[in-house]
file input_23.txt (compact mmCIF, C-alpha atoms)
# COMPACT_ATOMS: atom_id res chain seq x y z
CA MET A 27 0.00 0.00 0.00
CA SER A 28 1.42 3.38 -1.06
CA HIS A 29 -0.91 5.59 0.98
CA TYR A 30 -1.42 6.27 4.69
CA PHE A 31 -3.59 8.50 6.88
CA ASP A 32 -1.97 11.57 8.51
CA PRO A 33 -3.95 12.31 11.75
CA LYS A 34 -2.42 15.78 12.14
CA THR A 35 -3.78 17.09 8.88
CA GLN A 36 -6.67 14.63 8.63
CA THR A 37 -5.60 13.78 5.04
CA TRP A 38 -4.45 10.72 3.16
CA VAL A 39 -0.86 10.85 1.89
CA VAL A 40 -0.20 9.03 -1.38
CA GLN A 41 3.49 8.41 -2.25
CA LEU A 42 4.76 6.53 -5.33
CA GLN A 43 8.13 5.83 -6.92
CA ARG A 44 9.09 4.15 -10.20
CA THR A 45 12.53 3.55 -11.77
CA GLY A 46 12.66 3.74 -15.54
CA ALA A 47 14.96 2.15 -18.10
CA ASP A 48 17.16 5.25 -17.88
CA ARG A 49 17.77 4.44 -14.16
CA GLN A 50 16.07 7.69 -13.13
CA LYS A 51 13.71 7.56 -10.16
CA ARG A 52 10.35 9.20 -10.64
CA ARG A 53 8.47 10.16 -7.49
CA ARG A 54 4.94 11.44 -6.88
CA CYS A 55 3.34 12.65 -3.64
CA GLN A 56 -0.20 13.93 -3.10
CA ARG A 57 -2.48 14.66 -0.15
CA VAL A 58 -6.12 13.63 -0.49
CA ARG A 59 -8.99 14.74 1.71
CA GLY A 60 -11.86 12.31 2.05
CA SER A 61 -12.24 8.61 2.54
CA GLN A 62 -9.75 5.82 1.93
CA ALA A 63 -11.58 5.02 -1.30
CA ASP A 64 -10.74 8.54 -2.52
CA ALA A 65 -7.09 7.92 -1.63
CA GLN A 66 -7.09 4.61 -3.52
CA ALA A 67 -8.63 6.26 -6.58
CA ALA A 68 -5.97 8.98 -6.51
CA GLU A 69 -3.28 6.32 -6.10
CA ALA A 70 -4.54 4.36 -9.15
CA LYS A 71 -4.52 7.54 -11.25
CA MET A 72 -0.98 8.40 -10.16
CA ILE A 73 0.21 4.84 -10.91
CA ALA A 74 -1.21 5.07 -14.43
CA GLU A 75 0.48 8.44 -15.00
CA LEU A 76 3.83 7.19 -13.70
CA GLU A 77 3.74 4.02 -15.76
CA THR A 78 2.88 6.02 -18.88
CA GLU A 79 5.81 8.35 -18.20
CA VAL A 80 8.16 5.38 -17.70
CA ARG A 81 6.91 3.73 -20.89
CA LEU A 82 7.39 6.87 -22.97
CA ALA A 83 10.89 7.30 -21.57
CA ARG A 84 11.71 3.70 -22.43
CA GLU A 85 10.37 4.12 -25.99
CA ALA A 86 12.41 7.31 -26.43
CA GLN A 87 15.52 5.50 -25.23
CA ASP A 88 14.86 2.58 -27.59
CA GLN A 89 14.37 4.97 -30.47
CA GLN A 90 17.64 6.69 -29.66
CA GLU A 91 19.42 3.35 -29.58
CA ARG A 92 17.98 2.46 -33.00
CA LYS A 93 19.23 5.78 -34.36
CA SER A 94 22.71 5.07 -33.06
CA GLN A 95 22.63 1.55 -34.53
CA ALA A 96 21.49 2.89 -37.90
CA ALA A 97 24.29 5.47 -37.85
CA ALA A 98 26.82 2.78 -37.00
CA VAL A 99 25.60 0.50 -39.84
CA LEU A 100 26.02 3.29 -42.39
CA GLY A 101 29.39 4.32 -41.00
CA LEU A 102 28.15 7.68 -39.69
CA ASP A 103 29.07 9.47 -36.49
CA PRO A 104 26.81 7.93 -33.80
CA GLU A 105 26.72 11.29 -31.98
CA MET A 106 24.81 12.76 -34.92
CA ALA A 107 21.84 10.64 -33.94
CA THR A 108 21.72 12.19 -30.46
CA LYS A 109 22.10 15.88 -31.34
CA PRO A 110 18.79 17.76 -31.00
CA ARG A 111 17.71 19.93 -33.89
CA ALA A 112 17.23 23.57 -32.90
CA SER A 113 15.99 24.89 -36.25
CA ALA A 114 12.33 24.86 -37.30
CA LYS A 115 13.31 24.19 -40.93
CA PRO A 116 12.80 20.72 -42.40
CA PRO A 117 15.49 18.26 -41.32
CA THR A 118 18.24 17.11 -43.62
CA LEU A 119 17.90 13.74 -45.31
CA ARG A 120 20.52 12.28 -42.95
CA GLU A 121 18.70 13.57 -39.86
CA PHE A 122 15.33 12.33 -41.13
CA TYR A 123 16.80 8.91 -41.91
CA LEU A 124 18.22 8.55 -38.40
CA ASP A 125 15.14 10.01 -36.71
CA ARG A 126 12.30 8.31 -38.64
CA VAL A 127 13.26 6.13 -41.60
CA ALA A 128 15.66 3.76 -39.81
CA PRO A 129 13.32 3.13 -36.83
CA ARG A 130 10.42 2.54 -39.22
CA LEU A 131 12.42 0.05 -41.30
CA ALA A 132 13.37 -1.77 -38.11
CA ALA A 133 9.71 -1.92 -37.06
CA ILE A 134 8.08 -3.11 -40.29
CA CYS A 135 10.84 -4.95 -42.19
CA SER A 136 12.72 -8.16 -41.55
CA SER A 137 16.44 -8.00 -40.83
CA ALA A 138 17.13 -9.47 -44.29
CA THR A 139 15.19 -6.63 -45.95
CA GLN A 140 17.00 -4.05 -43.84
CA GLN A 141 20.34 -5.46 -44.97
CA LYS A 142 19.28 -5.10 -48.60
CA VAL A 143 18.56 -1.36 -48.30
CA VAL A 144 21.75 -0.49 -46.41
CA SER A 145 23.69 -0.03 -49.66
CA CYS A 146 20.94 2.20 -51.07
CA TRP A 147 21.06 4.51 -48.08
CA GLN A 148 24.84 4.61 -48.02
CA TYR A 149 24.80 6.14 -51.50
CA LEU A 150 21.84 8.43 -50.78
CA LEU A 151 23.32 9.84 -47.59
CA PHE A 152 26.79 10.18 -49.12
CA LYS A 153 25.43 12.23 -52.04
CA LEU A 154 22.30 13.92 -50.65
CA GLY A 155 22.54 13.52 -46.87
CA ASP A 156 23.35 17.18 -46.13
CA LEU A 157 20.41 18.56 -48.14
CA ARG A 158 17.22 19.55 -46.34
CA LEU A 159 14.13 17.64 -47.41
CA ASP A 160 12.69 20.72 -49.17
CA GLU A 161 15.93 21.11 -51.12
CA ILE A 162 15.60 17.64 -52.68
CA THR A 163 13.72 18.69 -55.80
CA THR A 164 12.89 16.80 -58.98
CA GLU A 165 15.90 18.35 -60.70
CA VAL A 166 18.23 17.32 -57.87
CA ILE A 167 16.94 13.74 -57.98
CA HIS A 168 17.24 13.51 -61.77
CA ARG A 169 20.78 14.86 -61.70
CA TYR A 170 21.58 12.32 -58.99
CA SER A 171 20.27 9.39 -61.04
CA GLU A 172 22.06 10.59 -64.19
CA ASN A 173 25.38 10.93 -62.38
CA MET A 174 25.07 7.54 -60.68
CA ILE A 175 25.15 5.64 -63.98
CA LEU A 176 28.30 7.38 -65.20
CA PRO A 177 31.63 5.49 -65.16
CA GLY A 178 33.35 5.75 -61.79
CA ALA A 179 30.15 6.39 -59.83
CA ALA A 180 30.34 3.08 -57.95
CA LEU A 181 31.77 3.42 -54.44
CA SER A 182 32.91 1.13 -51.68
CA PHE A 183 31.94 2.08 -48.14
CA ARG A 184 34.19 -0.50 -46.53
CA THR A 185 37.56 0.52 -45.15
CA ARG A 186 40.88 -1.27 -44.99
CA LYS A 187 42.85 -1.84 -41.80
CA ASP A 188 44.72 1.43 -42.34
CA GLY A 189 41.41 3.33 -42.44
CA LYS A 190 41.43 4.05 -46.17
CA ALA A 191 38.42 3.21 -48.32
CA ARG A 192 38.52 0.00 -50.29
CA LYS A 193 38.32 0.13 -54.05
CA SER A 194 34.91 -0.71 -55.49
CA LYS A 195 34.66 -4.06 -57.28
CA VAL A 196 32.64 -2.46 -60.09
CA ASP A 197 33.06 0.81 -61.95
CA THR A 198 29.46 1.66 -62.78
CA LEU A 199 26.01 1.05 -61.30
CA GLY A 200 23.17 -0.42 -63.32
CA SER A 201 19.85 1.33 -63.86
CA LEU A 202 18.07 -1.25 -61.71
CA THR A 203 20.43 -0.55 -58.79
CA VAL A 204 19.93 3.21 -59.07
CA ASN A 205 16.15 2.75 -59.30
CA LYS A 206 16.22 0.86 -56.00
CA GLN A 207 17.93 3.87 -54.44
CA LEU A 208 15.28 6.18 -55.91
CA GLU A 209 12.51 3.97 -54.52
CA GLN A 210 13.99 4.26 -51.03
CA LEU A 211 14.28 8.03 -51.44
CA LYS A 212 10.68 8.38 -52.65
CA SER A 213 9.43 6.21 -49.79
CA SER A 214 11.21 8.39 -47.21
CA LEU A 215 9.88 11.60 -48.80
CA ARG A 216 6.34 10.20 -48.75
CA LEU A 217 6.78 9.47 -45.05
CA ALA A 218 7.96 13.06 -44.52
CA VAL A 219 4.83 14.37 -46.26
CA GLU A 220 2.55 12.13 -44.20
CA GLU A 221 4.17 13.38 -40.98
CA GLY A 222 4.01 17.05 -41.98
CA LYS A 223 7.73 17.66 -42.48
CA LEU A 224 7.44 18.24 -46.22
CA ALA A 225 4.75 19.86 -48.36
CA ALA A 226 4.79 17.49 -51.35
CA VAL A 227 6.77 14.65 -52.85
CA PRO A 228 8.75 15.74 -55.92
CA LYS A 229 8.01 13.89 -59.13
CA VAL A 230 10.64 11.32 -59.99
CA ARG A 231 11.12 9.48 -63.27
CA MET A 232 12.86 6.13 -62.97
CA LEU A 233 15.70 5.16 -65.26
CA PRO A 234 14.79 2.79 -68.10
CA THR A 235 15.78 -0.77 -67.32
CA ASP A 236 16.70 -3.62 -69.61
CA ASP A 237 13.98 -6.28 -69.52
CA ALA A 238 15.69 -8.38 -72.16
CA GLN A 239 17.60 -10.53 -69.69
CA GLU A 240 15.89 -13.89 -69.69
CA VAL A 241 15.46 -16.41 -66.89
CA VAL A 242 17.69 -19.40 -67.65
CA PRO A 243 16.92 -22.26 -65.23
CA PRO A 244 19.18 -25.29 -65.01
CA SER A 245 18.29 -28.23 -67.21
CA GLU A 246 17.02 -31.48 -65.71
CA GLU A 247 20.42 -33.06 -66.36
CA GLU A 248 22.24 -30.19 -64.63
CA PHE A 249 19.82 -30.36 -61.71
CA SER A 250 20.51 -34.08 -61.30
CA ARG A 251 24.25 -33.39 -61.30
CA ILE A 252 23.88 -30.78 -58.54
CA VAL A 253 21.77 -33.10 -56.36
CA HIS A 254 24.32 -35.88 -56.85
CA ALA A 255 27.22 -33.54 -56.01
CA ALA A 256 25.39 -32.28 -52.90
CA ALA A 257 25.53 -35.80 -51.45
CA GLU A 258 29.32 -35.44 -51.13
CA PHE A 259 28.85 -32.69 -48.51
CA ARG A 260 26.70 -34.66 -46.05
CA ASP A 261 29.42 -34.49 -43.39
CA VAL A 262 29.16 -30.70 -43.13
CA ALA A 263 25.63 -30.19 -44.51
CA PRO A 264 23.69 -33.38 -43.66
CA LEU A 265 20.49 -32.60 -45.60
CA LEU A 266 21.92 -30.61 -48.50
CA PRO A 267 20.73 -33.11 -51.17
CA GLU A 268 17.20 -33.05 -49.72
CA VAL A 269 17.25 -29.24 -49.44
CA THR A 270 18.36 -28.90 -53.05
CA GLU A 271 15.86 -31.39 -54.44
CA PHE A 272 12.99 -30.04 -52.32
CA ALA A 273 13.65 -26.51 -53.60
CA GLY A 274 13.32 -27.73 -57.18
CA GLU A 275 10.11 -29.61 -56.33
CA THR A 276 8.31 -26.79 -54.47
CA GLY A 277 9.74 -23.47 -55.73
CA LEU A 278 10.10 -22.09 -52.20
CA ARG A 279 12.35 -19.12 -51.64
CA GLU A 280 15.54 -19.80 -49.70
CA GLU A 281 14.30 -18.10 -46.51
CA GLU A 282 10.92 -19.86 -46.73
CA LEU A 283 12.70 -23.19 -47.05
CA MET A 284 15.13 -22.61 -44.20
CA LYS A 285 12.32 -21.50 -41.83
CA LEU A 286 9.78 -24.14 -42.80
CA LEU A 287 8.28 -25.87 -39.73
CA TRP A 288 6.64 -29.27 -39.57
CA SER A 289 3.49 -27.55 -38.33
CA GLN A 290 3.23 -25.95 -41.80
CA VAL A 291 3.10 -29.35 -43.52
CA GLU A 292 -0.46 -30.58 -44.13
CA PHE A 293 -0.21 -34.26 -45.06
CA THR A 294 -4.00 -34.69 -45.39
CA VAL A 295 -4.68 -31.87 -47.86
CA GLY A 296 -5.31 -33.02 -51.43
CA ASN A 297 -3.79 -36.20 -52.81
CA ARG A 298 -0.25 -35.75 -51.48
CA GLY A 299 -0.47 -32.90 -48.97
CA ALA A 300 0.58 -29.27 -49.10
CA LEU A 301 2.75 -26.60 -47.46
CA ARG A 302 1.31 -23.49 -45.78
CA ILE A 303 3.57 -20.47 -46.24
CA GLU A 304 2.18 -17.95 -43.78
CA ARG A 305 2.92 -15.35 -41.16
CA ARG A 306 4.23 -17.07 -38.07
CA THR A 307 4.26 -15.68 -34.54
CA ARG A 308 5.72 -18.77 -32.93
CA GLY A 309 8.75 -20.85 -33.70
CA ARG A 310 12.33 -19.81 -34.17
CA SER A 311 12.52 -16.65 -36.21
CA ARG A 312 15.34 -14.21 -36.88
CA GLY A 313 15.81 -11.51 -34.27
CA GLY A 314 12.86 -12.79 -32.24
CA LYS A 315 10.43 -11.13 -34.68
CA PRO A 316 7.47 -12.90 -36.30
CA TYR A 317 8.30 -14.42 -39.67
CA ARG A 318 6.39 -12.89 -42.57
CA PRO A 319 6.45 -14.25 -46.13
CA LYS A 320 7.38 -11.87 -48.92
CA HIS A 321 4.61 -9.34 -49.69
CA GLY A 322 2.92 -10.62 -46.50
CA LYS A 323 1.11 -13.10 -48.74
CA THR A 324 -0.09 -16.41 -47.31
CA ARG A 325 -0.26 -19.25 -49.84
CA THR A 326 -0.63 -23.01 -50.10
CA VAL A 327 1.85 -25.01 -52.17
CA PRO A 328 0.74 -28.56 -53.10
CA LEU A 329 3.37 -31.27 -52.80
CA SER A 330 4.67 -33.17 -55.78
CA GLY A 331 5.20 -36.90 -55.46
CA ARG A 332 8.94 -36.52 -54.88
CA ALA A 333 8.47 -33.66 -52.39
CA ARG A 334 6.03 -35.80 -50.39
CA ALA A 335 8.49 -38.72 -50.46
CA ILE A 336 11.28 -36.49 -49.08
CA LEU A 337 9.05 -35.34 -46.21
CA ASP A 338 7.98 -38.91 -45.42
CA GLU A 339 11.62 -40.01 -45.27
CA LEU A 340 12.61 -37.13 -42.98
CA LYS A 341 9.60 -37.63 -40.71
CA GLN A 342 10.33 -41.34 -40.32
CA LYS A 343 14.02 -40.69 -39.68
CA PHE A 344 13.82 -37.81 -37.15
CA ARG A 345 10.35 -38.20 -35.54
CA PRO A 346 10.08 -34.38 -35.29
CA ASN A 347 7.80 -32.20 -33.19
CA PRO A 348 5.46 -29.71 -34.93
CA SER A 349 7.66 -26.80 -33.80
CA ASP A 350 10.83 -28.32 -35.32
CA ARG A 351 12.23 -27.14 -38.60
CA VAL A 352 11.88 -29.44 -41.57
CA PHE A 353 15.52 -28.81 -42.46
CA PRO A 354 17.23 -28.17 -39.09
CA ASN A 355 19.55 -25.16 -39.17
CA VAL A 356 20.52 -22.12 -37.13
CA GLY A 357 20.71 -18.93 -39.15
CA GLY A 358 21.17 -20.99 -42.31
CA CYS A 359 23.83 -23.31 -40.88
CA PRO A 360 24.97 -25.87 -41.83
CA TYR A 361 23.79 -25.10 -45.37
CA VAL A 362 25.38 -21.66 -45.10
CA ARG A 363 28.73 -21.24 -43.36
CA ILE A 364 28.55 -18.42 -40.80
CA GLU A 365 31.72 -18.08 -38.77
CA HIS A 366 31.07 -14.84 -36.88
CA ASP A 367 27.44 -13.74 -36.79
CA PRO A 368 24.39 -16.00 -37.33
CA GLU A 369 22.36 -12.95 -38.38
CA VAL A 370 24.56 -12.40 -41.46
CA LYS A 371 24.76 -14.77 -44.39
CA GLY A 372 28.11 -16.35 -45.16
CA THR A 373 29.38 -18.71 -47.84
CA GLY A 374 27.04 -21.55 -48.69
CA TYR A 375 27.83 -25.22 -49.26
CA PHE A 376 25.36 -25.17 -52.14
CA TRP A 377 27.86 -23.16 -54.17
CA GLN A 378 30.48 -25.82 -53.54
CA ALA A 379 28.07 -28.49 -54.79
CA VAL A 380 27.43 -26.42 -57.92
CA GLU A 381 31.18 -26.10 -58.48
CA GLU A 382 31.63 -29.83 -57.93
CA ALA A 383 28.96 -30.42 -60.60
CA GLY A 384 30.98 -28.32 -63.07
CA LEU A 385 28.45 -25.46 -63.13
CA LYS A 386 30.33 -22.75 -61.25
CA GLY A 387 28.83 -19.32 -61.91
CA LYS A 388 25.92 -20.76 -63.91
CA VAL A 389 23.40 -21.87 -61.25
CA THR A 390 22.26 -20.07 -58.11
CA PHE A 391 19.99 -21.38 -55.36
CA HIS A 392 17.23 -19.08 -56.60
CA ALA A 393 17.53 -20.74 -60.02
CA LEU A 394 15.91 -23.82 -58.45
CA ARG A 395 12.77 -21.70 -58.00
CA HIS A 396 12.93 -20.83 -61.71
CA LEU A 397 13.30 -24.55 -62.48
CA PHE A 398 10.12 -25.34 -60.56
CA ALA A 399 8.16 -22.65 -62.43
CA CYS A 400 9.40 -23.86 -65.82
CA ARG A 401 8.61 -27.47 -64.92
CA CYS A 402 5.03 -26.47 -64.16
CA LEU A 403 4.53 -24.43 -67.33
CA ALA A 404 6.13 -27.06 -69.54
CA ARG A 405 3.46 -29.51 -68.34
CA GLY A 406 0.58 -27.17 -69.15
CA ILE A 407 -0.21 -25.81 -65.66
CA PRO A 408 -2.00 -22.43 -66.11
CA MET A 409 0.04 -19.30 -65.55
CA SER A 410 -2.33 -18.06 -62.83
CA VAL A 411 -1.88 -21.30 -60.86
CA VAL A 412 1.92 -21.13 -61.15
CA SER A 413 1.81 -17.51 -59.97
CA ASP A 414 -0.16 -18.65 -56.91
CA TYR A 415 2.34 -21.47 -56.23
CA LEU A 416 5.23 -18.99 -56.29
CA GLY A 417 3.49 -16.34 -54.20
CA HIS A 418 4.10 -13.55 -56.71
CA SER A 419 2.59 -10.14 -56.01
CA SER A 420 0.86 -10.19 -59.42
CA ILE A 421 0.45 -12.49 -62.39
CA GLU A 422 2.17 -9.85 -64.55
CA LEU A 423 5.42 -10.63 -62.76
CA THR A 424 5.02 -14.33 -63.49
CA VAL A 425 4.33 -13.62 -67.17
CA LYS A 426 7.34 -11.32 -67.38
CA LEU A 427 9.68 -13.92 -65.91
CA TYR A 428 8.34 -17.15 -67.37
CA GLY A 429 5.99 -16.20 -70.23
CA ARG A 430 8.21 -17.78 -72.87
CA PHE A 431 7.84 -21.18 -71.19
CA SER A 432 4.02 -21.22 -71.36
CA ASP A 433 1.79 -23.08 -73.84
CA ASP A 434 0.84 -19.81 -75.55
CA ALA A 435 4.49 -18.98 -76.13
CA ARG A 436 5.19 -22.40 -77.62
CA GLU A 437 2.28 -21.94 -80.00
CA LYS A 438 4.14 -19.17 -81.86
CA TRP A 439 6.65 -21.73 -83.17
CA LYS A 440 3.81 -23.83 -84.52
CA TRP A 441 1.93 -20.99 -86.19
CA ILE A 442 4.98 -19.56 -87.95
CA GLU A 443 4.91 -22.63 -90.20
CA VAL A 444 1.91 -21.20 -92.08
CA LEU A 445 4.27 -18.71 -93.76
CA ASP A 446 5.71 -21.63 -95.69
CA GLU A 447 2.32 -22.43 -97.25
CA PRO A 448 0.77 -20.69 -100.30
CA LEU A 449 -1.98 -18.24 -99.46
CA ASP A 450 -4.55 -20.00 -101.67
CA ALA A 451 -3.90 -23.31 -99.88
CA ILE A 452 -4.64 -21.68 -96.51
CA ALA A 453 -7.83 -20.10 -97.88
CA LYS A 454 -8.97 -23.43 -99.31
CA ARG A 455 -8.37 -25.18 -96.00
CA ARG A 456 -10.51 -22.62 -94.17
CA MET A 457 -13.48 -23.13 -96.50
CA LEU A 458 -15.43 -25.93 -94.91
CA THR A 459 -18.68 -26.84 -96.61
CA VAL A 460 -21.16 -29.58 -95.96
CA VAL A 461 -21.62 -31.94 -98.89
CA GLU A 462 -24.22 -34.64 -98.39
CA GLY A 463 -23.80 -34.41 -94.62
CA GLU A 464 -20.01 -34.72 -94.70
CA ALA A 465 -17.41 -31.98 -94.38
CA ALA A 466 -15.40 -31.48 -97.54
CA GLN A 467 -11.74 -32.32 -97.12
CA PRO A 468 -9.29 -29.50 -97.85
call {"tool": "encode", "arguments": {"input": "input_23.txt", "output": "structure tokens"}}
result
Amino acid sequence: MSHYFDPKTQTWVVQLQRTGADRQKRRRCQRVRGSQADAQAAEAKMIAELETEVRLAREAQDQQERKSQAAAVLGLDPEMATKPRASAKPPTLREFYLDRVAPRLAAICSSATQQKVVSCWQYLLFKLGDLRLDEITTEVIHRYSENMILPGAALSFRTRKDGKARKSKVDTLGSLTVNKQLEQLKSSLRLAVEEGKLAAVPKVRMLPTDDAQEVVPPSEEEFSRIVHAAAEFRDVAPLLPEVTEFAGETGLREEELMKLLWSQVEFTVGNRGALRIERRTRGRSRGGKPYRPKHGKTRTVPLSGRARAILDELKQKFRPNPSDRVFPNVGGCPYVRIEHDPEVKGTGYFWQAVEEAGLKGKVTFHALRHLFACRCLARGIPMSVVSDYLGHSSIELTVKLYGRFSDDAREKWKWIEVLDEPLDAIAKRRMLTVVEGEAAQP
């Protein structure tokens, strides 16, 4: 009880104390005239106020820590994240990134997604970080994108042991890479508009990209060679052959495959069972955060005969619990070698299996997803169904990647043969008449 009755003043004295995450003690004291019930009501109100104050202080401290972490990741001075802004003008891009963008990315994105945008923000802050948000106009952005595709624009933000910057491995940046940077910039400017720090988002025109690069999946013979070579690495990656073959049979993304739980396997659905790729609040997930599939899209992937056989073999061998992973690993290990930090990807054993199969530089793990899609289309599965299997954000993306493998695309090779026929022969063939109940033959 945090209140007592003072007979001298005939009042109830309410005293409270709370210690926040910043180690500061917060005290409250109030005298209440009336009954003990009045004192208890005043005490409950004071407790709620103190706890709210402690919570807000803790959130402010967490936000400050995230700013410092974001500054450290980008190689900035961590003290910049703690300096208050005295001016009423819009913040600079660097200040807005540390104050709002980085904490928001940490809140709504997975750690893998955050790692992907680090490079984008390193370039943006290096080139535009000192400009205020209202100074980042359409002209400034267009000049930035034009300069970034010039020779010598590529930079390395890593330093050598002597403190000097390392030389970039490439000389120029592609249009797709620069467009990713522009997307991050536009997203941050939209956030600034929504929060009242900027009047309007400047118009930005993306750089034209080359869509001519085709998806080239491994052939069935090459896939068999990789699976066979993967068996030679069982000592260090026990289930690498099963992981490789299962990826080609289901089309799962690498992260979806590595985080697949037995509770997501439905053996009784359909003829052979299915996999549920969904948001997961329980189970082992990176950074203690719930796992979310790409685009936040839940989908069901039916099992092929071979995929079902692999699961049956693993279930009989390991007798797993529902919360166990189908392919046991920690942060990708042992299928990915991580010597220092399980949150960061290292060198994978899959690449060694590819090299052993004589396909170095020709096949990636993601190419197994392409192989699955092409297998489906080659057997006449509709494009919309394949898009649903893969969990694409739209069927247009599926058509763009795999349209040339569909039945409609194969038809163009058949129809081009009509150019070899005389025009009158084609016209005669189209004229179908009924003669005595029978169709005339062309």
call {"tool": "residues_around", "arguments": {"input": "input_23.txt", "residues": "His396 (chain A)", "least_positions_apart": "4", "cutoff": "8 Å", "atoms": "all atoms listed in the file", "output": "list of chain:residue names"}}
result
A:Val241, A:Val242, A:Pro243, A:Gly277, A:His392, A:Cys400
call {"tool": "write_last_selection", "arguments": {"input": "input_23.txt", "atoms": "C-alpha atoms", "output": "compact mmCIF listing (two decimals), keeping the file's coordinate frame"}}
result
# COMPACT_ATOMS: atom_id res chain seq x y z
CA VAL A 241 15.46 -16.41 -66.89
CA VAL A 242 17.69 -19.40 -67.65
CA PRO A 243 16.92 -22.26 -65.23
CA GLY A 277 9.74 -23.47 -55.73
CA HIS A 392 17.23 -19.08 -56.60
CA CYS A 400 9.40 -23.86 -65.82
call {"tool": "atom_distance", "arguments": {"input": "input_23.txt", "atom1": "CA of Arg169 (chain A)", "atom2": "CA of Val227 (chain A)"}}
result
16.6 Å
call {"tool": "closest_residue", "arguments": {"input": "input_23.txt", "among": "A:Ala256, A:Asp125, A:Gln36, A:Lys285", "to": "Glu268 (chain A)", "atoms": "all atoms listed in the file"}}
result
A:Ala256
call {"tool": "atom_distance", "arguments": {"input": "input_23.txt", "atom1": "CA of Lys71 (chain A)", "atom2": "CA of Val40 (chain A)"}}
result
10.9 Å
call {"tool": "atom_distance", "arguments": {"input": "input_23.txt", "atom1": "CA of Arg302 (chain A)", "atom2": "CA of Gln290 (chain A)"}}
result
5.1 Å
call {"tool": "closest_residue", "arguments": {"input": "input_23.txt", "among": "A:Leu385, A:Leu286, A:Leu427, A:Val295", "to": "Ala255 (chain A)", "atoms": "all atoms listed in the file"}}
result
A:Leu385
call {"tool": "closest_residue", "arguments": {"input": "input_23.txt", "among": "A:Ser94, A:Asn355, A:Thr390, A:Thr276", "to": "Asp414 (chain A)", "atoms": "all atoms listed in the file"}}
result
A:Thr276
call {"tool": "residues_around", "arguments": {"input": "input_23.txt", "residues": "Leu154 (chain A)", "least_positions_apart": "5", "cutoff": "9 Å", "atoms": "only C-alpha atoms", "output": "count of residues only"}}
result
7
call {"tool": "residues_around", "arguments": {"input": "input_23.txt", "residues": "region 189-206 of chain A", "least_positions_apart": "3", "cutoff": "6 Å", "atoms": "only C-alpha atoms", "output": "ChimeraX atom specification"}}
result
/A:175,177-182,184-186,209,232-233,235
call {"tool": "closest_residue", "arguments": {"input": "input_23.txt", "among": "A:Leu265, A:Leu397, A:Ala86, A:Val39", "to": "Ala68 (chain A)", "atoms": "all atoms listed in the file"}}
result
A:Val39
call {"tool": "closest_residue", "arguments": {"input": "input_23.txt", "among": "A:Gly374, A:Pro264, A:Gly299, A:Gly358", "to": "Asp338 (chain A)", "atoms": "only C-alpha atoms"}}
result
A:Gly299
call {"tool": "closest_residue", "arguments": {"input": "input_23.txt", "among": "A:Trp288, A:Arg44, A:Pro267, A:Pro328", "to": "Ser250 (chain A)", "atoms": "all atoms listed in the file"}}
result
A:Pro267
call {"tool": "residues_around", "arguments": {"input": "input_23.txt", "residues": "Glu240 (chain A)", "least_positions_apart": "3", "cutoff": "12 Å", "atoms": "only C-alpha atoms", "output": "list in words"}}
result
Asp236, Asp237, Pro243, Ala393, His396, Val425, Lys426, Leu427, Tyr428, Gly429, Arg430 and Phe431 of chain A
call {"tool": "decode", "arguments": {"input": "input_23.txt", "residues": "region 31-40 of chain A", "atoms": "N, CA and C atoms", "output": "PDB file, in the first residue's frame"}}
result
ATOM      1  N   PHE A  31      -2.773   7.407   6.339  1.00  0.00           N
ATOM      2  CA  PHE A  31      -3.585   8.502   6.883  1.00  0.00           C
ATOM      3  C   PHE A  31      -2.736   9.334   7.843  1.00  0.00           C
ATOM      4  N   ASP A  32      -2.710  10.656   7.630  1.00  0.00           N
ATOM      5  CA  ASP A  32      -1.973  11.573   8.511  1.00  0.00           C
ATOM      6  C   ASP A  32      -2.975  12.193   9.488  1.00  0.00           C
ATOM      7  N   PRO A  33      -2.950  11.794  10.795  1.00  0.00           N
ATOM      8  CA  PRO A  33      -3.946  12.307  11.751  1.00  0.00           C
ATOM      9  C   PRO A  33      -3.807  13.796  12.029  1.00  0.00           C
ATOM     10  N   LYS A  34      -2.601  14.358  11.856  1.00  0.00           N
ATOM     11  CA  LYS A  34      -2.421  15.778  12.136  1.00  0.00           C
ATOM     12  C   LYS A  34      -3.195  16.650  11.162  1.00  0.00           C
ATOM     13  N   THR A  35      -3.107  16.284   9.909  1.00  0.00           N
ATOM     14  CA  THR A  35      -3.778  17.090   8.877  1.00  0.00           C
ATOM     15  C   THR A  35      -5.106  16.490   8.448  1.00  0.00           C
ATOM     16  N   GLN A  36      -5.433  15.309   8.991  1.00  0.00           N
ATOM     17  CA  GLN A  36      -6.673  14.628   8.629  1.00  0.00           C
ATOM     18  C   GLN A  36      -6.776  14.427   7.104  1.00  0.00           C
ATOM     19  N   THR A  37      -5.631  14.040   6.493  1.00  0.00           N
ATOM     20  CA  THR A  37      -5.599  13.778   5.039  1.00  0.00           C
ATOM     21  C   THR A  37      -4.895  12.448   4.787  1.00  0.00           C
ATOM     22  N   TRP A  38      -5.153  11.924   3.615  1.00  0.00           N
ATOM     23  CA  TRP A  38      -4.452  10.718   3.162  1.00  0.00           C
ATOM     24  C   TRP A  38      -3.242  11.143   2.334  1.00  0.00           C
ATOM     25  N   VAL A  39      -2.095  10.555   2.618  1.00  0.00           N
ATOM     26  CA  VAL A  39      -0.859  10.855   1.887  1.00  0.00           C
ATOM     27  C   VAL A  39      -0.566   9.696   0.925  1.00  0.00           C
ATOM     28  N   VAL A  40      -0.484  10.038  -0.343  1.00  0.00           N
ATOM     29  CA  VAL A  40      -0.196   9.031  -1.377  1.00  0.00           C
ATOM     30  C   VAL A  40       1.211   9.278  -1.911  1.00  0.00           C
TER      31      VAL A  40
END
